[in-house]
Structure formats: structure tokens, C-alpha cells
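The structure appears right after this line, and notes come after that.
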Amino acid sequence: MSQGIKVILNGCEERVSKGATILDLLALLNENDQHLIVEHNDMFIPLSKYASRIVADGDSVEFVNPNLGG
Amino acid sequence: MLNATEKQRYLRQLIMPEISETGQAKIGKASVFIAGIGGLRSISASYMTAAGVGRVRLVVRDRVELSNLNRQIMHYTPDIGKGKTRSAEEKLRQLNPGCQLEAIQVSITREDVIDLVRGCDLILDATDNWGTRKILNFAAIALQIPFIYGGVNGFSGMVAFFRPQKTACIECIFPDGPNEPAVPIGVLGPMAGLVAALQCIEAIKHMLGLESSLMNRLLRIDGRNMSFKKTQLTRNKDCNACSGGGNYHVTGNKSDPQRM
């Protein structure tokens, strides 16, 4: 059985399946908010790419709430 | 040419090789539009006025409340109940009488935003909601001027420099707009101060002709662990606001805030 790959998800190490996408990582965290800022290796990922963006071993992914206060 | 008083007032800026008298003259010719309610605006309006920006246009409509004072440091306890425009005008005119201050007490709407912003070189965001940011983004794109976003949430803050045609716009990042908070969000006063100060640095760099370090980058600040991270942004080719068939446009002297 594959050991999968390691990614840093919101600062914590997680083991996920090889070929996992941003959408898979959102599901892993039960994250349903479509208004999060998704950052993959310091790059902003738009909503339209969540299903196709594949993460690799050692990648860093963050889900960030936008700051609206002033 | 600066007079003797101005040379004294701006001495510490004139010493800077990036500014000198040439740069100070550029700052003096600049016009800034600041929209917002107070935490960010207290700082940005103060720094813009103090730096010698030629014209500062403030648009705000509400009154000073006790719960504002932890972060809106332009207003003091005796100002409670006063219109924020009046309170701001009093402080800023005392701070720098040489700055042309335009304090306007209206709500910003999509219909009048172009006329409100017209004549300004950049927009400093000091709002607390997505709806007004979307309207300001529209104006920035229509008038082809930079929109410097700033936002705060508790110990967190964000800053980005959006420049029409050259960078992503705020709607490239949030096509549907984020959810508006149902209840007031927490804001740490110093975080609002930090975010607004960073916005001002970017604004002054723009006036001086220096490239922004936040072009197509979202600066994310976490005050709990003192981390500053930049996220690389890219334009959304399908963005309704700034790309393709969704371009905003302005015709004639009056605003025409429709989408083509």
C-alpha cells in the first residue's frame, strides 16, 4: 500500500494520497467555505483550479480567511 | 520650491535620498482618496497629511462611537457623537494646514463613486466590508489608478497593491466576494495601524515613482507569531471586473458605471 506524500497543510504535516488536489485537501479538513484564499507554495490558487491543481511531496498549502475589517 | 517652513516641516523626508526636494514636490502634487470608517483611515489620513500629500479626500459618513476608540486614534473621547468627517477635519487641519483636505460625508455608491474619486491619483482602502471595496475596485479600474487594499481581522492583516492592467484586481481574488461577517469582527488597534502604515508606504513609493513591492502580491501578516508572508497573485483572465468582456469603462465627464 502506498505511503502517499507529505504536505504542509496550514502549517501542519499531513500525509495525503499521491495525486491529491487542492479540492481533496479542502475535503480532508472539511472546509466548505468557497471564499478562502488558497495558497500553494506561495502562489494564489483560484477557485477554478482547485480540482486540477495537484500537490507534490513537500509542498506547502494554506487556507486563509480574507481580512475585511478596517 | 519649498518655503522655509516646509523645509523644516519635511526635513526628515528631504534628507532621504529617495525623496529630497524633487520627491517632496511629487508628494505635494499627489491626490489621495481614502474611503473608510476609521481604524485604517485614522492612520492613513494622518500619515498622508503629515507627509505633505497635496490633497487628501476623505469619504466617511458615520459618527464617532465609544467602541471606535481602541483603534480609530484620530478621534478622542470628547469627539463621541461628532460626525467623523468633522472630527477628522479638526485633527488633520491642525496637523498640516498646508494640505488641501476634502472631507465628504456621504455613502459611497456605485453610481457616484467615479465622481467622488475623479481627480485622485490613488485609492487607499480603509473600509470594513467587501461591498465598498468592490465599488472602489470598479472606480480604480475605470479611472486607471492604483487601489491599495488593506484589511484587518484581530491579530491578522493583509495588504496588496492592485494596479489596473498591470496586476490582478481584488475581484480576481474574490470573484463572488467573501462572506460579509454577520457580527462585528475583532480588530486589534495596532494591527490596523500597521496595515495602514504599510499601505501609506506603498502610496508614497507610488508618488515617488518607486515600484511597489506588493504588485501582484498579497502581504499576509500574523501578529501572533510576527510572520510576514507574501502570496503571489495572478490575473484572472475571466475576471468580471478587470478582464475580457467584463471591463468597466467611463465615458465623458460624468460617470457611466456600467459594464460593457
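How things are named: the first chain in the C-alpha cells is A, the next is B, and so on; residues count from 1 in each chain; ligands count from 1 in the order shown.
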
Each chain B residue no farther than 6 Å from chain A, nearest pair in Å, only C-alpha atoms, as a tab-separated table:
residue	atom	partner	partner_atom	distance
B:Gly39	CA	A:Gly70	CA	5.3
B:Leu40	CA	A:Gly70	CA	5.4
B:Ala126	CA	A:Gly70	CA	5.6
B:Thr127	CA	A:Gly70	CA	5.4
B:Asp128	CA	A:Gly69	CA	4.3
B:Asn129	CA	A:Leu68	CA	5.7
B:Gly151	CA	A:Asn67	CA	4.8
B:Val152	CA	A:Gly69	CA	4.6
B:Asn153	CA	A:Asn67	CA	5.3
B:Pro178	CA	A:His35	CA	4.9
B:Thr231	CA	A:Asp42	CA	4.9
B:Gln232	CA	A:Met43	CA	4.7
B:Leu233	CA	A:Phe44	CA	5.3

Selected residues written out, C-alpha atoms, as a PDB file, in the first residue's frame:
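The result, stored in out-v3.pdb:
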ATOM      1  CA  GLY B  39      -9.196  52.129  12.147  1.00  0.00           C
ATOM      2  CA  LEU B  40      -7.158  52.193   8.960  1.00  0.00           C
ATOM      3  CA  ALA B 126      -9.815  51.826   4.712  1.00  0.00           C
ATOM      4  CA  THR B 127     -13.205  50.180   4.524  1.00  0.00           C
ATOM      5  CA  ASP B 128     -14.568  47.344   6.612  1.00  0.00           C
ATOM      6  CA  ASN B 129     -16.688  45.478   4.090  1.00  0.00           C
ATOM      7  CA  GLY B 151      -7.767  44.614   5.768  1.00  0.00           C
ATOM      8  CA  VAL B 152      -7.616  43.576   9.391  1.00  0.00           C
ATOM      9  CA  ASN B 153      -9.040  40.763  11.488  1.00  0.00           C
ATOM     10  CA  PRO B 178     -16.124  36.825   0.528  1.00  0.00           C
ATOM     11  CA  THR B 231       1.397  35.326  -1.743  1.00  0.00           C
ATOM     12  CA  GLN B 232       1.983  35.649  -5.476  1.00  0.00           C
ATOM     13  CA  LEU B 233      -1.209  36.694  -7.270  1.00  0.00           C
TER      14      LEU B 233
END

Per DSSP on the backbone, what are the helix (DSSP H, G or I) residues of stretch 7-237 of chain B, as a count of residues only?
-> 91

Test item: residues at most 8 Å from stretch 15-27 of chain A, only C-alpha atoms, excluding those fewer than 3 positions along its chain, as a short mmCIF file (atom, residue, chain, number, x, y, z; two decimals) with N, CA and C atoms, in the first residue's frame:
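The resulting file, result.cif, is shown below:
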data_model
loop_
_atom_site.label_atom_id
_atom_site.label_comp_id
_atom_site.auth_asym_id
_atom_site.auth_seq_id
_atom_site.Cartn_x
_atom_site.Cartn_y
_atom_site.Cartn_z
N SER A 2 0.50 2.21 -0.85
CA SER A 2 1.31 3.42 -0.96
C SER A 2 1.28 4.21 0.34
N GLN A 3 2.43 4.78 0.68
CA GLN A 3 2.52 5.62 1.87
C GLN A 3 2.02 7.03 1.58
N GLY A 4 1.78 7.34 0.30
CA GLY A 4 1.35 8.67 -0.06
C GLY A 4 2.48 9.68 0.01
N ILE A 5 2.12 10.94 0.10
CA ILE A 5 3.12 12.02 0.14
C ILE A 5 2.85 12.90 1.36
N LYS A 6 3.90 13.66 1.72
CA LYS A 6 3.76 14.56 2.87
C LYS A 6 3.59 15.99 2.36
N VAL A 7 2.60 16.68 2.88
CA VAL A 7 2.44 18.11 2.56
C VAL A 7 2.30 18.87 3.88
N ASN A 30 -12.56 19.21 5.91
CA ASN A 30 -13.99 19.54 5.96
C ASN A 30 -14.22 21.04 5.77
N GLU A 31 -13.46 21.60 4.86
CA GLU A 31 -13.54 23.04 4.62
C GLU A 31 -14.48 23.30 3.45
N ASN A 32 -15.62 23.93 3.75
CA ASN A 32 -16.61 24.17 2.70
C ASN A 32 -16.67 25.63 2.26
N TYR A 50 -9.07 24.48 -8.28
CA TYR A 50 -8.99 23.60 -7.11
C TYR A 50 -8.99 22.11 -7.50
N ALA A 51 -9.80 21.78 -8.49
CA ALA A 51 -9.94 20.35 -8.84
C ALA A 51 -8.75 19.84 -9.65
N SER A 52 -8.04 20.75 -10.31
CA SER A 52 -6.96 20.29 -11.19
C SER A 52 -5.57 20.51 -10.60
N ARG A 53 -5.47 21.30 -9.57
CA ARG A 53 -4.15 21.60 -9.00
C ARG A 53 -3.70 20.44 -8.11
N ILE A 54 -2.67 19.76 -8.54
CA ILE A 54 -2.16 18.58 -7.81
C ILE A 54 -0.99 19.01 -6.93
N VAL A 55 -0.97 18.50 -5.72
CA VAL A 55 0.13 18.83 -4.82
C VAL A 55 1.19 17.73 -4.88
N ALA A 56 2.42 18.12 -4.60
CA ALA A 56 3.54 17.17 -4.65
C ALA A 56 4.15 17.03 -3.27
#

Go ahead and compute the interatomic distance for atom CA of B:Val113 and atom CA of B:Val159, in Å to one decimal.
->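 Interatomic distance here is 22.0 Å.
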
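Remark: for B:Ala45, the closest of the candidate residues B:Met16, B:Cys242, B:Ile123, B:Ile221 is B:Ile123 (distances computed over only C-alpha atoms).
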
Which neighbours of stretch 61-64 of chain B fall inside 7 Å, counting only C-alpha atoms, when residues of the same chain fewer than 5 positions from it are skipped, and could you give them as a list in words?
-> Asp79, Ile80, Gly81, Lys82, Gly83, Lys84, Gln105, Val106 and Ser107 of chain B

With a distance cut-off of 8 Å and only C-alpha atoms, select the neighbouring residues of stretch 236-239 of chain B, excluding the residue or stretch itself and same-chain residues fewer than 6 positions from it, and output the selection as a list in words.
-> Pro46 of chain A; Ala168, Glu171, Cys172, Ile173, Pro175 and Gly246 of chain B

Length of the atom CA of B:Met207 to atom CA of B:Thr5 vector [Å] |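 Distance between the two atoms: 22.0 Å.
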